[in-house]
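Okay, so here's the structure we're looking at.
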Amino acid sequence: MRSGITRRWLRGSLLITVLLVLVVEAMFLYSSTRSYYNGVQQTMYRRFSSITGQLKMYTGDTAQSTAASRSLALRRMVEQFADKDRYEFMLLDSYGGVIASSSGTDAEGIVVEDDFDRAQDAADGMGVAVYRTATGERVMAVCCLVPYSAEDVAAMRLVTSLSLVEAQLRQALFVSLVVGIAILSFSILSGVFFIRSIVVPLGQVERIAADIARGELDVRLPVKGDSRDEVDRLRRSINQMAEGLEETEKMKNEFISSVSHELRTPLTSIRGWVETLQTLDDPSDENYRKGLSIIRGETARLYNMVEELLDFSRLQNGRLKMNSRPLDLVAELTDAVLFCEPRIQREGLVLSYAEPEEMIPVYADPDRLRQVFINILDNAIKYSAPGGRITVKLWQGEYKAFIEIIDQGRGIPPEDLENVKTKFYKGSNSVRGSGIGLALVDSIMTALDGTLDIKSTLGRGTVVTLGLPLYHR
């Protein structure tokens, strides 16, 4: 993980930063070089402009005498040139040869003819050349064609050393390199710190996730309570996932234990009565008929339990389809109540149900709706003591129809009430069952766009309210 993220960072942000710094460095050095060279060049241009302005003032009786005066004035300027320590001032003939020089030499080895050639081709009569002399010194030569007749003088040349300019450029290069290195160092250090702040926690998350995948559900990641960091939110989510898996694993184990117990009881009863019936040869024997009745009842109980488990599994996996259609909720509820009424009477309970006269149209699956009613009524019967009352109410609201099933049984403890609709959950006050009845009811009601609300008081009973949207043609 560390190498993968680091590689992406190197290929991504760090590479872009390096390229950006290099581009900025190149642009800065190019701009600095052009600025210094242009400054030197413009200084020499101003010198030539001053000299040509002075030549314009020279006049004579004839054109020849005027040209001679200008030639003489130029030679005198060369001899009396004050900035010999900074510039070499030369006069050139029409072939580019040196006529006179402020240093008194022919400037052999320090000049080339590039500036003279460029001046002849330029519209303004100016030519510039930057080169190295025979001694390796970098110089700039600027040539200016004389705009007036001055006998054999055809052009002027100023040559200056660029040693100071190169020293300033080297200093600028050094400063820019220091700044560039500082920027890159800061980028690398901040990037490494940032990567470590991500990679190390992600490494912890990876290890904990691997532990959870191996079944170690009690492991947890350290989380800062007040942090809003994405990594901390990921840690918190991983911890919540582990807690949920641990709770699910616990409920699954409890469910397996409960279902095993629920299956063992009827199977033991069936096995015992089968062995008893094997010893009886007379079908008219009272014990023979009683045994068959018990086997039939326990078999039906096992069948209903298995069907309930299969229905819940199909509903959770999306394989259980709802065959909904318009129907009369009053008729469906009445059928379910009549189906449970004999059992209610056998358990010594009192049923209170007033069937509404008007039909209440809803859009639902009649089989699943009947399953919901019977499941709720079955719970009311199981958790009620003999002599208790089970009340069933049905009324129509503005947008929904409501069914209320009230019992006077043992009730649900407050700590269990919020979890009773969770699959595999069995509270401390529960009796026999698979632990998925209410979870199945809740899933069916959700699929029918309905609601399931449970209120209970320990020792006084439970009120289950079902809500279904009314059907409008």
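By order in the structure tokens, chains are A, B, ...; within a chain, residues start at 1; ligands start at 1, following the order shown.
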
Those in segment 185-342 of chain A with alpha helix (DSSP H) from DSSP, as number ranges by chain = A: 185-213, 230-278, 286-317, 329-342

Identify, on the basis of only C-alpha atoms, every residue whose closest approach to Met44 of chain A does not exceed 9 Å; exclude the query and any residue fewer than 6 positions from it along the same chain; express the result as a ChimeraX atom specification.
-> /A:142,158-159

With only C-alpha atoms as the basis for distance, which of A:Pro356, A:Pro266, A:Gly297, A:Pro469 is at the shortest distance from Lys400 of chain A?
-> A:Pro469

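All residues of protein, DNA or RNA that reach within 7 Å of segment 329-336 of chain A, judged by only C-alpha atoms and not counting those fewer than 3 positions away in the chain, are Phe339, Cys340, Pro356, Met359, Ile360, Pro361, Val362, Arg370, Phe373 and Ile374 of chain A.
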
Hey, can you spit out that residue selection with C-alpha atoms as a CSV table (one decimal), in the first residue's frame?
chain,number,residue,atom,x,y,z
A,339,PHE,CA,-58.5,-18.6,11.8
A,340,CYS,CA,-56.9,-17.8,15.2
A,356,PRO,CA,-66.4,-2.6,10.4
A,359,MET,CA,-65.0,-2.1,3.3
A,360,ILE,CA,-61.5,-0.5,3.4
A,361,PRO,CA,-59.7,-0.8,0.0
A,362,VAL,CA,-55.9,-1.4,0.1
A,370,ARG,CA,-52.6,-12.8,6.2
A,373,PHE,CA,-51.9,-10.8,10.9
A,374,ILE,CA,-51.5,-14.4,12.0

Do a neighbour search on Ile212 of chain A at 9 Å with only C-alpha atoms, toss out local chain neighbours closer than 6 positions, and write the hits as a VMD selection string.
-> chain A and resid 218 to 219 242 245

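One distance worth recording is that between atom CA of Leu349 of chain A and atom CA of Leu309 of chain A, which is 28.2 Å.
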
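Atom CA of Leu162 of chain A lies 5.6 Å from atom CA of Arg138 of chain A.
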
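With atom CA of Gln120 of chain A on one side and atom CA of Val146 of chain A on the other, the separation reads 10.9 Å.
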
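Restricting the calculation to only C-alpha atoms, the smallest distance between Arg47 of chain A and any of A:Phe89, A:Phe193, A:Phe28, A:Tyr363 is found for A:Phe89.
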
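Each of A:Val441, A:Leu338, A:Val18, A:Val464 was checked against Ser187 of chain A using only C-alpha atoms; the smallest atom-to-atom distance is that of A:Val18.
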
Would you mind listing what lies within 10 Å of Ala209 of chain A as a PDB file with all heavy atoms, in the first residue's frame, with only C-alpha atoms counted and same-chain residues fewer than 5 positions away left out?
ATOM      1  N   GLY A 203      -2.748   1.458   6.741  1.00  0.00           N
ATOM      2  CA  GLY A 203      -2.131   0.178   7.060  1.00  0.00           C
ATOM      3  C   GLY A 203      -2.806  -0.467   8.261  1.00  0.00           C
ATOM      4  O   GLY A 203      -3.046  -1.691   8.277  1.00  0.00           O
ATOM      5  N   GLN A 204      -3.118   0.356   9.287  1.00  0.00           N
ATOM      6  CA  GLN A 204      -3.851  -0.164  10.440  1.00  0.00           C
ATOM      7  C   GLN A 204      -5.227  -0.682  10.023  1.00  0.00           C
ATOM      8  O   GLN A 204      -5.653  -1.763  10.448  1.00  0.00           O
ATOM      9  CB  GLN A 204      -4.006   0.924  11.503  1.00  0.00           C
ATOM     10  CG  GLN A 204      -2.711   1.345  12.168  1.00  0.00           C
ATOM     11  CD  GLN A 204      -2.941   2.448  13.188  1.00  0.00           C
ATOM     12  OE1 GLN A 204      -3.926   3.174  13.114  1.00  0.00           O
ATOM     13  NE2 GLN A 204      -2.025   2.578  14.121  1.00  0.00           N
ATOM     14  N   ARG A 214     -10.819 -12.678   8.940  1.00  0.00           N
ATOM     15  CA  ARG A 214     -10.471 -13.994   9.482  1.00  0.00           C
ATOM     16  C   ARG A 214     -11.398 -14.411  10.622  1.00  0.00           C
ATOM     17  O   ARG A 214     -11.241 -15.489  11.175  1.00  0.00           O
ATOM     18  CB  ARG A 214      -9.022 -13.990   9.976  1.00  0.00           C
ATOM     19  CG  ARG A 214      -7.990 -13.970   8.860  1.00  0.00           C
ATOM     20  CD  ARG A 214      -6.607 -14.301   9.404  1.00  0.00           C
ATOM     21  NE  ARG A 214      -6.167 -13.310  10.373  1.00  0.00           N
ATOM     22  CZ  ARG A 214      -5.450 -12.227  10.063  1.00  0.00           C
ATOM     23  NH1 ARG A 214      -5.114 -12.008   8.793  1.00  0.00           N
ATOM     24  NH2 ARG A 214      -5.071 -11.377  10.997  1.00  0.00           N
ATOM     25  N   GLY A 215     -12.334 -13.521  10.985  1.00  0.00           N
ATOM     26  CA  GLY A 215     -13.293 -13.872  12.030  1.00  0.00           C
ATOM     27  C   GLY A 215     -12.989 -13.295  13.388  1.00  0.00           C
ATOM     28  O   GLY A 215     -13.713 -13.577  14.349  1.00  0.00           O
ATOM     29  N   GLU A 216     -11.918 -12.473  13.494  1.00  0.00           N
ATOM     30  CA  GLU A 216     -11.592 -11.842  14.775  1.00  0.00           C
ATOM     31  C   GLU A 216     -12.413 -10.555  14.909  1.00  0.00           C
ATOM     32  O   GLU A 216     -11.949  -9.468  14.569  1.00  0.00           O
ATOM     33  CB  GLU A 216     -10.089 -11.557  14.856  1.00  0.00           C
ATOM     34  CG  GLU A 216      -9.215 -12.799  14.730  1.00  0.00           C
ATOM     35  CD  GLU A 216      -7.741 -12.463  14.717  1.00  0.00           C
ATOM     36  OE1 GLU A 216      -7.390 -11.337  15.124  1.00  0.00           O
ATOM     37  OE2 GLU A 216      -6.936 -13.314  14.284  1.00  0.00           O
ATOM     38  N   LEU A 217     -13.625 -10.682  15.381  1.00  0.00           N
ATOM     39  CA  LEU A 217     -14.570  -9.566  15.394  1.00  0.00           C
ATOM     40  C   LEU A 217     -14.435  -8.660  16.604  1.00  0.00           C
ATOM     41  O   LEU A 217     -15.149  -7.658  16.703  1.00  0.00           O
ATOM     42  CB  LEU A 217     -16.000 -10.107  15.320  1.00  0.00           C
ATOM     43  CG  LEU A 217     -16.303 -11.000  14.105  1.00  0.00           C
ATOM     44  CD1 LEU A 217     -17.742 -11.477  14.160  1.00  0.00           C
ATOM     45  CD2 LEU A 217     -16.043 -10.254  12.810  1.00  0.00           C
ATOM     46  N   VAL A 219     -11.640  -7.035  17.432  1.00  0.00           N
ATOM     47  CA  VAL A 219     -10.576  -6.042  17.232  1.00  0.00           C
ATOM     48  C   VAL A 219     -11.206  -4.690  16.919  1.00  0.00           C
ATOM     49  O   VAL A 219     -12.274  -4.607  16.322  1.00  0.00           O
ATOM     50  CB  VAL A 219      -9.619  -6.476  16.096  1.00  0.00           C
ATOM     51  CG1 VAL A 219      -8.853  -7.714  16.482  1.00  0.00           C
ATOM     52  CG2 VAL A 219     -10.388  -6.709  14.799  1.00  0.00           C
ATOM     53  N   ARG A 220     -10.518  -3.611  17.330  1.00  0.00           N
ATOM     54  CA  ARG A 220     -11.014  -2.261  17.107  1.00  0.00           C
ATOM     55  C   ARG A 220      -9.856  -1.341  16.736  1.00  0.00           C
ATOM     56  O   ARG A 220      -8.704  -1.574  17.123  1.00  0.00           O
ATOM     57  CB  ARG A 220     -11.727  -1.708  18.356  1.00  0.00           C
ATOM     58  CG  ARG A 220     -12.974  -2.459  18.755  1.00  0.00           C
ATOM     59  CD  ARG A 220     -14.092  -2.313  17.746  1.00  0.00           C
ATOM     60  NE  ARG A 220     -15.289  -2.991  18.204  1.00  0.00           N
ATOM     61  CZ  ARG A 220     -15.568  -4.264  17.954  1.00  0.00           C
ATOM     62  NH1 ARG A 220     -14.699  -5.007  17.256  1.00  0.00           N
ATOM     63  NH2 ARG A 220     -16.674  -4.821  18.385  1.00  0.00           N
ATOM     64  N   LEU A 221     -10.172  -0.268  16.022  1.00  0.00           N
ATOM     65  CA  LEU A 221      -9.191   0.755  15.653  1.00  0.00           C
ATOM     66  C   LEU A 221      -9.292   1.934  16.601  1.00  0.00           C
ATOM     67  O   LEU A 221     -10.400   2.292  17.035  1.00  0.00           O
ATOM     68  CB  LEU A 221      -9.441   1.234  14.215  1.00  0.00           C
ATOM     69  CG  LEU A 221      -9.051   0.279  13.091  1.00  0.00           C
ATOM     70  CD1 LEU A 221      -9.712   0.702  11.790  1.00  0.00           C
ATOM     71  CD2 LEU A 221      -7.542   0.256  12.915  1.00  0.00           C
ATOM     72  N   ILE A 238     -15.223   1.313  10.236  1.00  0.00           N
ATOM     73  CA  ILE A 238     -14.719  -0.053  10.378  1.00  0.00           C
ATOM     74  C   ILE A 238     -15.100  -0.614  11.753  1.00  0.00           C
ATOM     75  O   ILE A 238     -15.520  -1.773  11.876  1.00  0.00           O
ATOM     76  CB  ILE A 238     -13.192  -0.089  10.189  1.00  0.00           C
ATOM     77  CG1 ILE A 238     -12.819   0.268   8.744  1.00  0.00           C
ATOM     78  CG2 ILE A 238     -12.630  -1.450  10.551  1.00  0.00           C
ATOM     79  CD1 ILE A 238     -13.224  -0.750   7.733  1.00  0.00           C
ATOM     80  N   ASN A 239     -14.958   0.219  12.792  1.00  0.00           N
ATOM     81  CA  ASN A 239     -15.340  -0.233  14.140  1.00  0.00           C
ATOM     82  C   ASN A 239     -16.830  -0.553  14.217  1.00  0.00           C
ATOM     83  O   ASN A 239     -17.239  -1.551  14.822  1.00  0.00           O
ATOM     84  CB  ASN A 239     -14.970   0.831  15.174  1.00  0.00           C
ATOM     85  CG  ASN A 239     -13.473   0.926  15.398  1.00  0.00           C
ATOM     86  OD1 ASN A 239     -12.723   0.029  15.034  1.00  0.00           O
ATOM     87  ND2 ASN A 239     -13.023   2.010  15.995  1.00  0.00           N
ATOM     88  N   MET A 241     -18.697  -1.415  11.736  1.00  0.00           N
ATOM     89  CA  MET A 241     -18.916  -2.640  10.978  1.00  0.00           C
ATOM     90  C   MET A 241     -18.552  -3.864  11.815  1.00  0.00           C
ATOM     91  O   MET A 241     -19.288  -4.862  11.842  1.00  0.00           O
ATOM     92  CB  MET A 241     -18.082  -2.619   9.691  1.00  0.00           C
ATOM     93  CG  MET A 241     -18.221  -3.863   8.836  1.00  0.00           C
ATOM     94  SD  MET A 241     -17.025  -3.924   7.494  1.00  0.00           S
ATOM     95  CE  MET A 241     -15.510  -4.241   8.419  1.00  0.00           C
ATOM     96  N   ALA A 242     -17.402  -3.767  12.518  1.00  0.00           N
ATOM     97  CA  ALA A 242     -16.976  -4.892  13.361  1.00  0.00           C
ATOM     98  C   ALA A 242     -17.987  -5.141  14.479  1.00  0.00           C
ATOM     99  O   ALA A 242     -18.320  -6.297  14.792  1.00  0.00           O
ATOM    100  CB  ALA A 242     -15.593  -4.618  13.942  1.00  0.00           C
TER     101      ALA A 242
END

Just asking: which residues within segment 244-360 of chain A are strand (DSSP E) according to DSSP, as a PDB file with all heavy atoms, in the first residue's frame?
ATOM      1  N   ARG A 325     -52.605  -6.761  -5.201  1.00  0.00           N
ATOM      2  CA  ARG A 325     -53.807  -6.417  -5.972  1.00  0.00           C
ATOM      3  C   ARG A 325     -54.765  -5.684  -5.045  1.00  0.00           C
ATOM      4  O   ARG A 325     -54.618  -5.731  -3.816  1.00  0.00           O
ATOM      5  CB  ARG A 325     -54.452  -7.666  -6.536  1.00  0.00           C
ATOM      6  CG  ARG A 325     -54.840  -8.716  -5.498  1.00  0.00           C
ATOM      7  CD  ARG A 325     -55.414  -9.946  -6.154  1.00  0.00           C
ATOM      8  NE  ARG A 325     -55.673 -11.018  -5.203  1.00  0.00           N
ATOM      9  CZ  ARG A 325     -56.763 -11.121  -4.460  1.00  0.00           C
ATOM     10  NH1 ARG A 325     -57.705 -10.173  -4.537  1.00  0.00           N
ATOM     11  NH2 ARG A 325     -56.925 -12.140  -3.633  1.00  0.00           N
ATOM     12  N   PRO A 326     -55.749  -4.981  -5.586  1.00  0.00           N
ATOM     13  CA  PRO A 326     -56.735  -4.316  -4.719  1.00  0.00           C
ATOM     14  C   PRO A 326     -57.536  -5.349  -3.934  1.00  0.00           C
ATOM     15  O   PRO A 326     -57.965  -6.375  -4.485  1.00  0.00           O
ATOM     16  CB  PRO A 326     -57.616  -3.561  -5.711  1.00  0.00           C
ATOM     17  CG  PRO A 326     -56.796  -3.441  -6.951  1.00  0.00           C
ATOM     18  CD  PRO A 326     -55.948  -4.665  -7.005  1.00  0.00           C
ATOM     19  N   LEU A 327     -57.723  -5.104  -2.651  1.00  0.00           N
ATOM     20  CA  LEU A 327     -58.499  -6.037  -1.822  1.00  0.00           C
ATOM     21  C   LEU A 327     -59.127  -5.290  -0.661  1.00  0.00           C
ATOM     22  O   LEU A 327     -58.768  -4.143  -0.347  1.00  0.00           O
ATOM     23  CB  LEU A 327     -57.613  -7.188  -1.333  1.00  0.00           C
ATOM     24  CG  LEU A 327     -56.259  -6.854  -0.683  1.00  0.00           C
ATOM     25  CD1 LEU A 327     -56.411  -6.560   0.792  1.00  0.00           C
ATOM     26  CD2 LEU A 327     -55.282  -8.009  -0.881  1.00  0.00           C
ATOM     27  N   ASP A 328     -60.054  -5.984  -0.006  1.00  0.00           N
ATOM     28  CA  ASP A 328     -60.781  -5.412   1.144  1.00  0.00           C
ATOM     29  C   ASP A 328     -60.036  -5.806   2.416  1.00  0.00           C
ATOM     30  O   ASP A 328     -59.960  -6.998   2.758  1.00  0.00           O
ATOM     31  CB  ASP A 328     -62.212  -5.936   1.159  1.00  0.00           C
ATOM     32  CG  ASP A 328     -63.016  -5.378   2.335  1.00  0.00           C
ATOM     33  OD1 ASP A 328     -62.537  -4.398   2.957  1.00  0.00           O
ATOM     34  OD2 ASP A 328     -64.079  -5.925   2.640  1.00  0.00           O
ATOM     35  N   VAL A 350     -59.797 -14.084  25.884  1.00  0.00           N
ATOM     36  CA  VAL A 350     -61.015 -13.427  25.403  1.00  0.00           C
ATOM     37  C   VAL A 350     -60.656 -12.595  24.180  1.00  0.00           C
ATOM     38  O   VAL A 350     -59.704 -11.806  24.205  1.00  0.00           O
ATOM     39  CB  VAL A 350     -61.630 -12.529  26.499  1.00  0.00           C
ATOM     40  CG1 VAL A 350     -62.869 -11.818  25.968  1.00  0.00           C
ATOM     41  CG2 VAL A 350     -61.965 -13.355  27.729  1.00  0.00           C
ATOM     42  N   LEU A 351     -61.421 -12.767  23.085  1.00  0.00           N
ATOM     43  CA  LEU A 351     -61.182 -12.009  21.854  1.00  0.00           C
ATOM     44  C   LEU A 351     -62.205 -10.890  21.740  1.00  0.00           C
ATOM     45  O   LEU A 351     -63.414 -11.109  21.910  1.00  0.00           O
ATOM     46  CB  LEU A 351     -61.281 -12.935  20.639  1.00  0.00           C
ATOM     47  CG  LEU A 351     -61.203 -12.246  19.271  1.00  0.00           C
ATOM     48  CD1 LEU A 351     -59.831 -11.603  19.072  1.00  0.00           C
ATOM     49  CD2 LEU A 351     -61.494 -13.257  18.155  1.00  0.00           C
ATOM     50  N   SER A 352     -61.729  -9.702  21.457  1.00  0.00           N
ATOM     51  CA  SER A 352     -62.614  -8.549  21.260  1.00  0.00           C
ATOM     52  C   SER A 352     -62.324  -7.975  19.873  1.00  0.00           C
ATOM     53  O   SER A 352     -61.238  -7.430  19.628  1.00  0.00           O
ATOM     54  CB  SER A 352     -62.371  -7.491  22.341  1.00  0.00           C
ATOM     55  OG  SER A 352     -63.113  -6.326  22.070  1.00  0.00           O
ATOM     56  N   TYR A 353     -63.300  -8.147  18.958  1.00  0.00           N
ATOM     57  CA  TYR A 353     -63.122  -7.650  17.586  1.00  0.00           C
ATOM     58  C   TYR A 353     -64.475  -7.264  17.026  1.00  0.00           C
ATOM     59  O   TYR A 353     -65.404  -8.089  16.981  1.00  0.00           O
ATOM     60  CB  TYR A 353     -62.471  -8.713  16.700  1.00  0.00           C
ATOM     61  CG  TYR A 353     -62.446  -8.339  15.225  1.00  0.00           C
ATOM     62  CD1 TYR A 353     -61.792  -7.190  14.782  1.00  0.00           C
ATOM     63  CD2 TYR A 353     -63.099  -9.147  14.287  1.00  0.00           C
ATOM     64  CE1 TYR A 353     -61.774  -6.863  13.436  1.00  0.00           C
ATOM     65  CE2 TYR A 353     -63.072  -8.826  12.943  1.00  0.00           C
ATOM     66  CZ  TYR A 353     -62.424  -7.685  12.512  1.00  0.00           C
ATOM     67  OH  TYR A 353     -62.412  -7.353  11.171  1.00  0.00           O
TER      68      TYR A 353
END

List the neighbours of segment 132-135 of chain A out to 8 Å using only C-alpha atoms; skip same-chain residues closer than 3 positions along the sequence, and give me the result as a PyMOL selection string.
-> chain A and resi 109-111+138-139

Could those residues be written to a file, using all heavy atoms, as a short mmCIF file (atom, residue, chain, number, x, y, z; two decimals), in the first residue's frame?
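The result, written out as out-v1.cif:
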data_model
loop_
_atom_site.label_atom_id
_atom_site.label_comp_id
_atom_site.auth_asym_id
_atom_site.auth_seq_id
_atom_site.Cartn_x
_atom_site.Cartn_y
_atom_site.Cartn_z
N GLY A 109 41.64 39.97 -32.35
CA GLY A 109 41.26 38.90 -31.43
C GLY A 109 40.11 39.24 -30.51
O GLY A 109 39.65 38.36 -29.78
N ILE A 110 39.65 40.47 -30.51
CA ILE A 110 38.52 40.80 -29.62
C ILE A 110 37.27 41.20 -30.40
O ILE A 110 36.25 41.51 -29.79
CB ILE A 110 38.91 41.94 -28.65
CG1 ILE A 110 39.14 43.24 -29.42
CG2 ILE A 110 40.09 41.56 -27.81
CD1 ILE A 110 39.28 44.44 -28.50
N VAL A 111 37.33 41.23 -31.70
CA VAL A 111 36.16 41.62 -32.49
C VAL A 111 35.90 40.58 -33.57
O VAL A 111 36.80 39.86 -34.02
CB VAL A 111 36.35 43.01 -33.13
CG1 VAL A 111 36.45 44.07 -32.07
CG2 VAL A 111 37.56 43.03 -34.05
N ARG A 138 33.52 36.84 -22.42
CA ARG A 138 32.27 37.08 -23.15
C ARG A 138 32.06 38.58 -23.27
O ARG A 138 32.13 39.32 -22.29
CB ARG A 138 31.10 36.44 -22.42
CG ARG A 138 29.82 36.34 -23.25
CD ARG A 138 28.80 35.48 -22.55
NE ARG A 138 27.62 35.23 -23.37
CZ ARG A 138 27.52 34.29 -24.29
NH1 ARG A 138 28.58 33.51 -24.50
NH2 ARG A 138 26.42 34.12 -24.99
N VAL A 139 31.79 39.06 -24.52
CA VAL A 139 31.63 40.49 -24.77
C VAL A 139 30.39 40.70 -25.62
O VAL A 139 29.86 39.76 -26.23
CB VAL A 139 32.86 41.07 -25.49
CG1 VAL A 139 34.10 40.96 -24.62
CG2 VAL A 139 33.07 40.40 -26.83
#

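The environment of Ser324 of chain A within 8 Å, counting only C-alpha atoms and disregarding residues fewer than 6 places along the same chain, consists of Tyr363, Ala364, Asp365 and Pro366 of chain A.
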
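Take the candidates A:Thr422, A:Tyr95, A:Leu302, A:Ile344 and check each one against Ser260 of chain A using only C-alpha atoms; the shortest distance goes to A:Leu302.
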